[in-house]
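J.: Below is the file run.cif, with mmCIF, C-alpha atoms.
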data_protein
loop_
_atom_site.label_atom_id
_atom_site.label_comp_id
_atom_site.auth_asym_id
_atom_site.auth_seq_id
_atom_site.Cartn_x
_atom_site.Cartn_y
_atom_site.Cartn_z
CA MET A 50 24.72 -22.10 -125.60
CA ILE A 51 22.16 -19.70 -124.09
CA THR A 52 18.40 -20.21 -124.37
CA LEU A 53 16.50 -16.95 -124.79
CA SER A 54 13.29 -16.00 -126.55
CA PRO A 55 13.72 -14.66 -130.12
CA THR A 56 12.61 -11.19 -128.96
CA THR A 57 15.14 -11.09 -126.12
CA SER A 58 17.87 -12.51 -128.38
CA GLY A 59 17.09 -9.83 -130.95
CA LEU A 60 17.40 -7.03 -128.41
CA VAL A 61 20.69 -8.47 -127.12
CA VAL A 62 22.14 -8.83 -130.62
CA ILE A 63 21.06 -5.35 -131.80
CA GLY A 64 22.30 -3.82 -128.54
CA THR A 65 25.68 -5.53 -129.00
CA LEU A 66 25.92 -4.27 -132.59
CA PHE A 67 25.22 -0.65 -131.65
CA ALA A 68 27.61 -0.85 -128.70
CA LEU A 69 30.42 -2.00 -131.02
CA LEU A 70 29.56 0.64 -133.62
CA ALA A 71 29.65 3.30 -130.90
CA THR A 72 33.31 2.45 -130.25
CA GLY A 73 34.16 3.47 -133.82
CA MET A 74 34.84 -0.10 -134.92
CA PRO A 75 34.59 -0.65 -138.71
CA ILE A 76 31.15 -1.83 -139.84
CA ALA A 77 32.40 -5.19 -141.15
CA PHE A 78 34.12 -6.12 -137.88
CA ALA A 79 31.19 -4.95 -135.76
CA LEU A 80 28.78 -7.06 -137.82
CA GLY A 81 31.12 -10.07 -137.75
CA LEU A 82 31.77 -9.99 -134.00
CA THR A 83 28.07 -9.50 -133.25
CA ALA A 84 27.25 -12.43 -135.53
CA ILE A 85 29.79 -14.67 -133.78
CA PHE A 86 28.35 -13.68 -130.40
CA GLY A 87 24.83 -14.48 -131.64
CA LEU A 88 25.89 -17.83 -133.06
CA LEU A 89 27.60 -18.74 -129.78
CA MET A 90 24.28 -18.03 -128.07
CA ALA A 91 22.46 -20.25 -130.57
CA SER A 92 24.85 -23.15 -131.14
CA GLY A 93 27.79 -22.98 -128.75
CA TRP A 94 31.46 -23.37 -129.70
CA GLY A 95 30.74 -25.71 -132.59
CA VAL A 96 29.73 -22.70 -134.65
CA PHE A 97 33.38 -21.94 -135.48
CA GLU A 98 33.31 -24.87 -137.88
CA VAL A 99 30.96 -23.03 -140.24
CA LEU A 100 32.13 -19.42 -139.90
CA ALA A 101 34.52 -19.35 -142.86
CA GLU A 102 32.19 -21.34 -145.10
CA THR A 103 29.23 -19.07 -144.32
CA MET A 104 31.19 -15.85 -144.94
CA PHE A 105 32.67 -17.16 -148.18
CA ALA A 106 29.25 -18.32 -149.39
CA GLY A 107 28.01 -14.74 -148.92
CA ILE A 108 30.34 -13.38 -151.60
CA ALA A 109 30.87 -16.48 -153.79
CA ASN A 110 28.71 -15.11 -156.58
CA LEU A 111 30.04 -14.31 -160.04
CA ALA A 112 27.75 -11.28 -160.26
CA TYR A 113 29.80 -9.62 -157.51
CA VAL A 114 32.65 -9.25 -160.00
CA SER A 115 30.82 -6.18 -161.31
CA ILE A 116 31.29 -4.37 -158.00
CA PRO A 117 35.10 -3.91 -158.10
CA MET A 118 34.82 -3.13 -161.81
CA PHE A 119 32.39 -0.27 -161.24
CA VAL A 120 34.48 0.83 -158.24
CA LEU A 121 37.53 0.90 -160.52
CA MET A 122 35.55 3.03 -162.98
CA GLY A 123 34.74 5.50 -160.23
CA ALA A 124 38.26 5.50 -158.76
CA ALA A 125 39.80 6.22 -162.16
CA VAL A 126 37.51 9.22 -162.66
CA ALA A 127 37.78 10.48 -159.07
CA ALA A 128 41.61 10.37 -159.16
CA THR A 129 41.72 12.85 -162.04
CA PRO A 130 40.52 16.43 -162.60
CA ALA A 131 37.46 14.99 -164.40
CA GLY A 132 35.12 16.51 -161.81
CA ARG A 133 36.69 19.93 -162.32
CA ASP A 134 36.44 19.61 -166.10
CA LEU A 135 32.81 18.55 -165.92
CA TYR A 136 31.98 21.41 -163.59
CA GLU A 137 33.78 23.97 -165.77
CA ALA A 138 32.09 22.70 -168.92
CA LEU A 139 28.62 23.04 -167.40
CA ASP A 140 29.48 26.44 -165.94
CA ARG A 141 30.53 27.70 -169.36
CA TRP A 142 27.32 26.51 -170.99
CA LEU A 143 24.98 27.67 -168.21
CA ASN A 144 26.72 30.82 -167.01
CA ARG A 145 24.20 33.11 -168.77
CA VAL A 146 21.25 31.33 -167.19
CA PRO A 147 19.95 32.96 -163.97
CA GLY A 148 21.21 30.73 -161.17
CA GLY A 149 23.35 28.82 -163.67
CA LEU A 150 26.07 28.17 -161.11
CA VAL A 151 23.85 26.24 -158.72
CA LEU A 152 22.33 24.41 -161.70
CA SER A 153 25.86 23.55 -162.85
CA ASN A 154 26.70 22.15 -159.43
CA ILE A 155 23.67 19.87 -159.19
CA GLY A 156 23.85 18.90 -162.89
CA ALA A 157 27.55 18.06 -162.51
CA CYS A 158 26.71 15.94 -159.45
CA ALA A 159 24.09 14.02 -161.45
CA ILE A 160 26.46 13.33 -164.36
CA PHE A 161 29.43 12.56 -162.13
CA ALA A 162 27.21 10.19 -160.16
CA GLY A 163 26.71 8.20 -163.34
CA MET A 164 30.46 8.14 -163.87
CA THR A 165 31.44 6.98 -160.37
CA GLY A 166 28.41 5.43 -158.65
CA SER A 167 29.72 6.82 -155.35
CA SER A 168 27.98 9.55 -153.35
CA PRO A 169 30.96 10.71 -151.23
CA ALA A 170 33.21 10.76 -154.34
CA THR A 171 30.63 12.83 -156.22
CA CYS A 172 30.26 15.19 -153.29
CA ALA A 173 34.02 15.66 -152.96
CA ALA A 174 34.84 16.01 -156.67
CA ILE A 175 32.17 18.59 -157.48
CA GLY A 176 32.18 20.28 -154.09
CA LYS A 177 35.90 21.12 -154.24
CA MET A 178 35.21 23.38 -157.21
CA GLY A 179 31.56 24.28 -156.75
CA ILE A 180 31.34 25.36 -153.10
CA PRO A 181 34.24 27.89 -153.11
CA GLU A 182 33.02 29.33 -156.44
CA MET A 183 29.45 29.73 -155.19
CA LEU A 184 30.62 31.37 -151.98
CA LYS A 185 32.87 33.70 -153.99
CA ARG A 186 29.92 34.80 -156.13
CA GLY A 187 27.79 35.53 -153.10
CA TYR A 188 25.44 32.56 -153.05
CA PRO A 189 24.01 31.80 -149.58
CA ALA A 190 26.33 29.41 -147.73
CA SER A 191 23.45 27.07 -146.88
CA VAL A 192 22.56 26.76 -150.57
CA ALA A 193 26.19 26.26 -151.63
CA THR A 194 26.78 23.44 -149.14
CA GLY A 195 23.28 21.94 -149.03
CA SER A 196 22.99 21.59 -152.81
CA ILE A 197 26.30 19.71 -152.96
CA CYS A 198 25.32 17.46 -150.04
CA ALA A 199 22.08 16.58 -151.80
CA GLY A 200 23.54 16.36 -155.30
CA GLY A 201 26.16 13.93 -154.06
CA THR A 202 23.50 11.48 -152.89
CA LEU A 203 22.49 10.86 -156.50
CA GLY A 204 25.59 8.66 -156.81
CA ILE A 205 23.79 5.59 -155.46
CA LEU A 206 20.59 6.08 -157.49
CA ILE A 207 21.68 7.03 -161.00
CA PRO A 208 23.23 3.98 -162.73
CA PRO A 209 25.65 2.36 -162.54
CA SER A 210 24.98 1.96 -158.81
CA VAL A 211 26.82 -0.44 -156.50
CA THR A 212 23.87 -0.47 -154.09
CA MET A 213 21.54 -1.55 -156.90
CA ILE A 214 23.92 -4.41 -157.72
CA VAL A 215 23.95 -5.52 -154.08
CA TYR A 216 20.14 -5.35 -153.92
CA GLY A 217 19.82 -7.32 -157.15
CA ILE A 218 22.05 -10.11 -155.88
CA ALA A 219 20.47 -10.17 -152.42
CA THR A 220 16.94 -10.44 -153.85
CA GLU A 221 17.80 -12.31 -157.08
CA THR A 222 16.27 -9.58 -159.25
CA SER A 223 17.58 -8.27 -162.59
CA ILE A 224 20.45 -5.81 -162.15
CA GLY A 225 19.85 -4.37 -165.62
CA ARG A 226 16.20 -3.65 -164.79
CA LEU A 227 17.25 -2.12 -161.46
CA PHE A 228 19.63 0.25 -163.25
CA LEU A 229 16.85 1.38 -165.57
CA ALA A 230 14.46 1.78 -162.64
CA GLY A 231 16.77 4.38 -161.10
CA VAL A 232 17.08 6.62 -164.18
CA LEU A 233 13.81 8.59 -164.15
CA PRO A 234 13.62 8.91 -160.32
CA GLY A 235 17.24 10.16 -160.41
CA LEU A 236 16.37 12.78 -163.01
CA MET A 237 13.22 13.70 -161.08
CA LEU A 238 15.19 14.31 -157.88
CA THR A 239 17.80 16.29 -159.84
CA ALA A 240 15.06 18.58 -161.18
CA MET A 241 13.52 18.95 -157.71
CA PHE A 242 16.91 19.85 -156.22
CA MET A 243 17.50 22.45 -158.93
CA ALA A 244 14.07 24.05 -158.52
CA TRP A 245 14.40 24.28 -154.75
CA SER A 246 17.93 25.71 -154.93
CA LEU A 247 16.82 28.53 -157.24
CA TYR A 248 13.78 29.27 -155.07
CA ASP A 249 15.85 29.17 -151.87
CA CYS A 250 18.36 31.65 -153.29
CA ARG A 251 15.60 34.12 -154.16
CA ARG A 252 13.87 33.52 -150.83
CA LYS A 253 17.07 34.49 -149.01
CA GLY A 254 17.40 37.70 -150.97
CA PHE A 255 20.03 36.59 -153.49
CA ARG A 256 19.55 38.09 -156.96
CA PHE A 257 20.99 36.49 -160.05
CA ASP A 258 22.34 39.77 -161.43
CA ASP A 259 25.99 38.80 -161.66
CA ARG A 260 26.10 36.31 -164.50
CA GLY A 261 29.87 35.81 -164.13
CA THR A 262 32.43 35.85 -166.93
CA ARG A 263 31.12 35.62 -170.46
CA PHE A 264 32.33 32.72 -172.58
CA SER A 265 32.40 32.69 -176.36
CA PHE A 266 30.92 29.81 -178.29
CA GLY A 267 34.44 28.64 -179.08
CA GLN A 268 35.37 28.60 -175.38
CA LYS A 269 32.27 26.55 -174.66
CA LEU A 270 33.24 24.03 -177.30
CA GLU A 271 36.77 23.84 -175.85
CA ALA A 272 35.37 22.38 -172.64
CA LEU A 273 33.59 19.45 -174.31
CA PRO A 274 36.49 17.15 -175.39
CA LYS A 275 37.38 16.43 -171.75
CA VAL A 276 33.81 15.54 -170.82
CA LEU A 277 32.30 13.79 -173.84
CA PRO A 278 34.56 10.68 -173.70
CA PHE A 279 33.26 9.82 -170.22
CA LEU A 280 29.64 10.33 -171.27
CA ILE A 281 30.25 8.10 -174.30
CA ILE A 282 31.71 5.41 -172.01
CA ILE A 283 28.63 5.53 -169.77
CA LEU A 284 26.27 5.30 -172.74
CA GLY A 285 28.44 2.59 -174.30
CA THR A 286 28.45 0.54 -171.09
CA LEU A 287 24.67 0.82 -170.83
CA TYR A 288 24.28 -0.14 -174.50
CA VAL A 289 26.47 -3.22 -174.01
CA LEU A 290 24.36 -4.14 -170.99
CA TYR A 291 20.91 -3.56 -172.50
CA GLY A 292 21.76 -4.46 -176.06
CA GLY A 293 22.23 -8.07 -175.05
CA VAL A 294 25.93 -7.91 -175.86
CA ALA A 295 27.20 -8.78 -172.38
CA THR A 296 26.21 -9.64 -168.82
CA PRO A 297 26.39 -6.95 -166.09
CA SER A 298 29.77 -8.27 -164.95
CA GLU A 299 31.18 -8.21 -168.49
CA ALA A 300 29.73 -4.76 -169.15
CA ALA A 301 31.30 -3.48 -165.91
CA GLY A 302 34.66 -4.93 -166.94
CA ALA A 303 34.48 -3.31 -170.38
CA GLY A 304 33.47 0.02 -168.84
CA ALA A 305 36.30 -0.11 -166.31
CA PHE A 306 38.86 -0.96 -169.00
CA LEU A 307 37.71 1.87 -171.29
CA THR A 308 37.52 4.39 -168.45
CA LEU A 309 41.02 3.52 -167.25
CA GLY A 310 42.36 3.81 -170.80
CA VAL A 311 40.70 7.18 -171.39
CA VAL A 312 41.90 8.54 -168.05
CA ILE A 313 45.50 7.45 -168.68
CA VAL A 314 45.60 8.96 -172.17
CA MET A 315 43.60 12.14 -171.49
CA TYR A 316 45.37 13.10 -168.27
CA ARG A 317 48.73 11.62 -169.24
CA LEU A 318 48.99 9.23 -166.31
CA PHE A 319 51.89 7.37 -167.88
CA ARG A 320 53.89 7.03 -164.67
CA PRO A 321 53.24 3.94 -162.51
CA LYS A 322 52.47 5.87 -159.31
CA PRO A 323 49.08 7.47 -160.24
CA VAL A 324 47.86 4.24 -161.84
CA PHE A 325 48.97 2.31 -158.76
CA GLU A 326 47.01 4.75 -156.57
CA ILE A 327 43.87 4.17 -158.66
CA PHE A 328 44.16 0.40 -158.20
CA SER A 329 45.00 0.82 -154.50
CA SER A 330 41.89 2.94 -153.97
CA THR A 331 39.80 0.38 -155.86
CA LEU A 332 41.23 -2.47 -153.81
CA ARG A 333 40.56 -0.73 -150.49
CA GLU A 334 36.95 0.15 -151.30
CA SER A 335 36.18 -3.21 -152.93
CA VAL A 336 37.60 -5.17 -149.98
CA MET A 337 35.64 -2.96 -147.58
CA ILE A 338 32.39 -3.64 -149.48
CA MET A 339 33.08 -7.36 -149.74
CA MET A 340 33.97 -7.59 -146.05
CA ILE A 341 30.73 -5.83 -145.13
CA MET A 342 28.78 -8.20 -147.36
CA ALA A 343 30.49 -11.31 -145.99
CA SER A 344 29.97 -10.14 -142.40
CA ALA A 345 26.37 -9.19 -143.15
CA GLU A 346 25.80 -12.70 -144.52
CA LEU A 347 27.15 -14.13 -141.26
CA PHE A 348 24.98 -11.68 -139.31
CA ALA A 349 21.88 -12.73 -141.27
CA PHE A 350 22.75 -16.40 -140.57
CA ALA A 351 23.03 -15.61 -136.86
CA LEU A 352 19.64 -13.86 -136.85
CA SER A 353 18.10 -16.85 -138.61
CA SER A 354 19.73 -19.31 -136.18
CA LEU A 355 18.25 -17.39 -133.24
CA PHE A 356 14.86 -17.36 -135.03
CA ILE A 357 14.89 -13.57 -134.94
CA THR A 358 14.35 -13.22 -138.70
CA GLN A 359 11.44 -15.65 -138.70
CA THR A 360 9.85 -13.96 -135.68
CA VAL A 361 10.11 -10.48 -137.18
CA ALA A 362 8.75 -11.69 -140.54
CA ALA A 363 5.86 -13.47 -138.84
CA SER A 364 5.08 -10.42 -136.70
CA ILE A 365 5.01 -8.11 -139.70
CA ALA A 366 2.93 -10.58 -141.71
CA ALA A 367 0.49 -10.85 -138.82
CA LEU A 368 -0.10 -7.09 -138.75
CA GLU A 369 -3.61 -6.55 -140.00
CA VAL A 370 -2.93 -3.12 -141.44
CA ASN A 371 -3.24 -1.45 -144.80
CA ARG A 372 -0.27 -2.23 -147.03
CA TRP A 373 0.64 1.47 -147.21
CA VAL A 374 0.79 1.62 -143.41
CA LEU A 375 3.15 -1.35 -143.63
CA MET A 376 5.22 0.50 -146.22
CA ALA A 377 5.34 3.57 -143.96
CA ILE A 378 6.67 1.40 -141.11
CA ILE A 379 9.32 -0.10 -143.41
CA ASN A 380 10.33 3.39 -144.60
CA LEU A 381 10.69 4.57 -141.03
CA PHE A 382 12.91 1.58 -140.25
CA LEU A 383 15.06 2.29 -143.32
CA LEU A 384 15.35 5.99 -142.47
CA VAL A 385 16.57 5.25 -138.94
CA ALA A 386 18.93 2.49 -140.11
CA GLY A 387 20.34 4.80 -142.80
CA MET A 388 21.36 7.32 -140.14
CA PHE A 389 23.76 4.80 -138.59
CA LEU A 390 24.79 2.21 -141.20
CA PRO A 391 26.13 2.42 -144.77
CA PRO A 392 23.77 1.49 -147.63
CA VAL A 393 25.53 -1.78 -148.51
CA ALA A 394 25.24 -3.15 -144.96
CA ILE A 395 21.56 -2.21 -144.69
CA ILE A 396 20.67 -3.76 -148.04
CA VAL A 397 22.48 -7.04 -147.41
CA MET A 398 20.90 -7.40 -143.97
CA SER A 399 17.37 -6.17 -144.66
CA ALA A 400 16.61 -6.95 -148.33
CA PRO A 401 16.25 -10.76 -147.92
CA LEU A 402 13.92 -10.16 -144.97
CA LEU A 403 11.84 -7.39 -146.54
CA TYR A 404 11.68 -8.76 -150.10
CA PRO A 405 9.08 -11.52 -149.47
CA ILE A 406 6.99 -9.14 -147.36
CA ILE A 407 7.06 -6.51 -150.12
CA VAL A 408 6.11 -8.98 -152.84
CA SER A 409 3.35 -10.62 -150.78
CA SER A 410 1.90 -7.16 -150.08
CA GLY A 411 1.60 -6.49 -153.80
CA PHE A 412 4.49 -4.02 -154.21
CA ASP A 413 6.80 -4.13 -157.21
CA PRO A 414 10.32 -5.21 -156.05
CA TYR A 415 12.01 -2.85 -158.52
CA TRP A 416 9.91 0.05 -157.31
CA PHE A 417 10.86 -0.85 -153.74
CA ALA A 418 14.55 -0.91 -154.69
CA VAL A 419 14.29 2.77 -155.67
CA ILE A 420 12.36 3.64 -152.49
CA LEU A 421 15.01 1.84 -150.41
CA THR A 422 17.81 3.65 -152.25
CA ILE A 423 16.25 7.09 -151.68
CA ASN A 424 16.03 6.24 -147.98
CA MET A 425 19.74 5.40 -148.09
CA GLU A 426 20.36 8.77 -149.78
CA ILE A 427 18.62 10.53 -146.91
CA GLY A 428 20.92 8.71 -144.48
CA LEU A 429 23.94 10.15 -146.30
CA ILE A 430 22.98 13.72 -145.34
CA THR A 431 21.50 13.20 -141.87
CA PRO A 432 23.46 12.91 -138.62
CA PRO A 433 25.02 11.18 -136.81
CA VAL A 434 26.76 9.30 -139.67
CA GLY A 435 25.99 11.47 -142.70
CA LEU A 436 29.06 10.86 -144.87
CA ASN A 437 28.29 13.71 -147.27
CA LEU A 438 28.03 16.15 -144.37
CA PHE A 439 31.58 15.26 -143.28
CA VAL A 440 32.85 15.61 -146.85
CA VAL A 441 31.32 19.07 -147.26
CA ASN A 442 32.55 20.12 -143.82
CA ALA A 443 36.10 19.19 -144.86
CA ILE A 444 35.76 21.12 -148.15
CA ALA A 445 34.28 24.27 -146.57
CA PRO A 446 35.40 24.37 -142.90
CA GLN A 447 34.56 28.09 -142.79
CA VAL A 448 30.84 27.25 -143.05
CA PRO A 449 29.49 26.26 -139.60
CA THR A 450 28.21 22.69 -139.36
CA ALA A 451 24.82 23.99 -138.21
CA GLN A 452 24.55 25.98 -141.43
CA VAL A 453 25.44 22.93 -143.53
CA LEU A 454 22.75 20.92 -141.74
CA LYS A 455 20.26 23.76 -142.20
CA GLY A 456 21.02 23.83 -145.90
CA ALA A 457 20.71 20.05 -146.28
CA LEU A 458 17.43 19.64 -144.37
CA PRO A 459 15.15 20.96 -147.16
CA TYR A 460 16.65 18.41 -149.54
CA VAL A 461 15.81 15.65 -147.04
CA LEU A 462 12.20 16.85 -147.17
CA LEU A 463 12.37 16.89 -150.98
CA MET A 464 13.52 13.26 -151.00
CA ILE A 465 10.70 12.30 -148.66
CA GLY A 466 8.39 14.13 -151.04
CA GLY A 467 9.97 12.15 -153.88
CA ILE A 468 9.11 8.89 -152.09
CA VAL A 469 5.50 10.07 -151.75
CA MET A 470 5.39 11.02 -155.43
CA LEU A 471 6.77 7.64 -156.50
CA SER A 472 4.17 5.97 -154.28
CA ILE A 473 1.39 7.88 -156.04
CA PHE A 474 2.92 7.46 -159.51
CA PRO A 475 4.90 4.17 -159.46
CA GLY A 476 5.08 4.30 -163.25
CA ILE A 477 7.92 6.82 -162.90
CA VAL A 478 10.01 3.84 -161.77
CA THR A 479 8.55 1.01 -163.82
CA TRP A 480 7.89 2.69 -167.19
CA LEU A 481 11.47 2.74 -168.55
CA PRO A 482 12.37 -0.86 -167.54
CA ASP A 483 9.09 -2.07 -169.08
CA VAL A 484 9.75 -0.20 -172.32
CA VAL A 485 13.37 -1.36 -172.69
CA MET A 486 13.16 -4.88 -171.26
CA GLY A 487 9.45 -5.67 -171.42
CA PRO A 488 7.02 -6.11 -168.52
CA VAL A 489 7.97 -8.46 -165.69
CA LYS A 490 6.31 -11.86 -166.21
#
Show this structure as structure tokens.
T.:
Amino acid sequence: MITLSPTTSGLVVIGTLFALLATGMPIAFALGLTAIFGLLMASGWGVFEVLAETMFAGIANLAYVSIPMFVLMGAAVAATPAGRDLYEALDRWLNRVPGGLVLSNIGACAIFAGMTGSSPATCAAIGKMGIPEMLKRGYPASVATGSICAGGTLGILIPPSVTMIVYGIATETSIGRLFLAGVLPGLMLTAMFMAWSLYDCRRKGFRFDDRGTRFSFGQKLEALPKVLPFLIIILGTLYVLYGGVATPSEAAGAGAFLTLGVVIVMYRLFRPKPVFEIFSSTLRESVMIMMIMASAELFAFALSSLFITQTVAASIAALEVNRWVLMAIINLFLLVAGMFLPPVAIIVMSAPLLYPIIVSSGFDPYWFAVILTINMEIGLITPPVGLNLFVVNAIAPQVPTAQVLKGALPYVLLMIGGIVMLSIFPGIVTWLPDVVMGPVK
């Protein structure tokens, strides 16, 4: 047992965490080992008696059942040519619109995000078709890669969103209301991405003269049967959730079952191997998320045991600053954290600490959930750990990394602008949940 001040303990613990992360160690193990080290500092060797119980308590919540179910939904869609079909359908319907290809890419990302809830999966599925096609038609490389990087981030904002589920459980807020809170901001960012992409193309001298191959009305209709079933499943899942038919966990289970059934029938996955791969992918991702959450719970317990959490909360509460200055500080913290850690880890560690501060400062917790999520989106396309950047780099290795970063940067600024807009007009977030579920009492 080592006696240090909370500030010194905090610096030691955070330094240990970043040192372990720098070695390339998985997030869950880095969090867990740092937590054990912190608990040894606080309580000595007797801490090993509560390790297993603390970690299990972090994930022993029935609401967490919805996470593997939504992951299964996304894995089933991502393992099939659904992304290609969605992209082709939108391309056929928008091919006569100036800039229709870039609109198809971002629109497909938005819809696919609602089907999978995963940003890297969205980026990979749409990017595999969209980036080569845009490059072939002469679109600027920075626009082709940057638009996919940004469009992929919508996966954690547009419902169903795993990060929203984690936030809801961590802060004991309504998951259904959180899903609704992300709809209009998600559509707003989609529209902003589309507008900038068209402007950027024209700014770089690209002219939308080549409208591509013409498709008859019949050919356009041919593309719909492979897309509409998934859209119906999404709408059906949301109806079950908001119609009072089922809880979020039950709605997620129904959605996963229907999605798996549609995928098996539509793409004829009647052999055991492809179905086994879908479940294997779901198991790997679900275990990874659960391990991060369990380790983050242990990490939060260690911070509390060393009085770091209480000291930070007291220091922030003691700041005699305008609440918007406080929000700016929190946003800066989230931006920096998002550059190094995955969204789930950040939410589990920071939400319980920030939630009481947010509420006591007069901010709506559902509005803050969207602000937090957009910050996590920015982290997905900023170095050093921008997952979407790595995905796009693997899809289009011929495009220099510097060019990918240059193309993604304007979308980072757009998302920061989106945060400012939501701060000025918070009703963009709160209006739909209030209409569907009534005002928060």
J.: Could you write out as number ranges by chain the residues that the PyMOL selection byres ((chain A and resi 297-299) around 12) matches in the shown file?
T.: A: 110-119, 208-211, 213-214, 217-218, 223-228, 286-296, 300-306
J.: Would you please work out which residue, of A:Leu284, A:Ser353, A:Ile160, A:Ser399, is nearest to Val215 of chain A when using all atoms listed in the file?
T.: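 The answer is A:Ser399, which sits nearest to Val215 of chain A.
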J.: Pull the closest atom pair for each residue of segment 90-121 of chain A that gets at most 12 Å from segment 74-82 of chain A, along with the distance in Å to one decimal, counting all atoms listed in the file, ordering rows by chain and then ascending residue number, as JSON lines.
T.:
{"residue": "A:Leu100", "atom": "CA", "partner": "A:Gly81", "partner_atom": "CA", "distance": 9.6}
{"residue": "A:Ala101", "atom": "CA", "partner": "A:Gly81", "partner_atom": "CA", "distance": 11.1}
{"residue": "A:Thr103", "atom": "CA", "partner": "A:Gly81", "partner_atom": "CA", "distance": 11.3}
{"residue": "A:Met104", "atom": "CA", "partner": "A:Gly81", "partner_atom": "CA", "distance": 9.2}
J.: Quick one: of A:Phe417, A:Leu150, A:Thr165, A:Met337, who's nearest to Leu184 of chain A, counting all atoms listed in the file?
T.: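 Smallest distance to Leu184 of chain A is found for A:Leu150.
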J.: Tell me, in Å to one decimal, how far atom CA of Ile180 of chain A is from atom CA of Ala445 of chain A.
T.: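 Spanning atom CA of Ile180 of chain A to atom CA of Ala445 of chain A is a straight-line distance of 7.2 Å.
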J.: Could you state which residues are captured by the PyMOL selection byres ((chain A and resi 334) around 12) in this file, as a PyMOL selection string?
T.: chain A and resi 116-121+123-124+167+170+211+327-333+335-341+393
J.: So how far away is atom CA of Asn437 of chain A from atom CA of Leu273 of chain A, in Å?
T.: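 Pair atom CA of Leu273 of chain A / atom CA of Asn437 of chain A returns 28.1 Å.
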J.: Can you pull out the residues contacting Leu383 of chain A? Cut-off 8 Å, using only C-alpha atoms, and skip same-chain residues under 5 positions away; I want them as a ChimeraX atom specification.
T.: /A:421,424-425
J.: Write out as a list in words which residues come within 12 Å of Pro488 of chain A when counting all atoms listed in the file, dropping same-chain ones fewer than 4 positions away.
T.: Arg226, Asp413, Tyr415, Gly476, Thr479, Trp480, Leu481, Pro482, Asp483 and Val484 of chain A
J.: Quick one, how far is atom CA of Pro130 of chain A from atom CA of Val151 of chain A?
T.: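 According to the coordinates, atom CA of Pro130 of chain A and atom CA of Val151 of chain A are separated by 19.7 Å.
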J.: Show which residues sit within 8 Å of Glu346 of chain A, as number ranges by chain. Count all atoms listed in the file, and ignore same-chain residues fewer than 3 positions away.
T.: A: 103-104, 107, 342-343, 349-350, 397-398
J.: Restrict the selected residues to C-alpha atoms and save them as an mmCIF file, in the frame of the given file.
T.:
data_model
loop_
_atom_site.group_PDB
_atom_site.id
_atom_site.type_symbol
_atom_site.label_atom_id
_atom_site.label_comp_id
_atom_site.auth_asym_id
_atom_site.auth_seq_id
_atom_site.Cartn_x
_atom_site.Cartn_y
_atom_site.Cartn_z
ATOM 1 C CA THR A 103 29.230 -19.070 -144.320
ATOM 2 C CA MET A 104 31.190 -15.850 -144.940
ATOM 3 C CA GLY A 107 28.010 -14.740 -148.920
ATOM 4 C CA MET A 342 28.780 -8.200 -147.360
ATOM 5 C CA ALA A 343 30.490 -11.310 -145.990
ATOM 6 C CA ALA A 349 21.880 -12.730 -141.270
ATOM 7 C CA PHE A 350 22.750 -16.400 -140.570
ATOM 8 C CA VAL A 397 22.480 -7.040 -147.410
ATOM 9 C CA MET A 398 20.900 -7.400 -143.970
#
J.: Residue by residue, what does the PyMOL selection byres ((chain A and resi 59) around 10) grab here? Present the result as a ChimeraX atom specification.
T.: /A:53-58,60-65,87,352,355-358,360-361
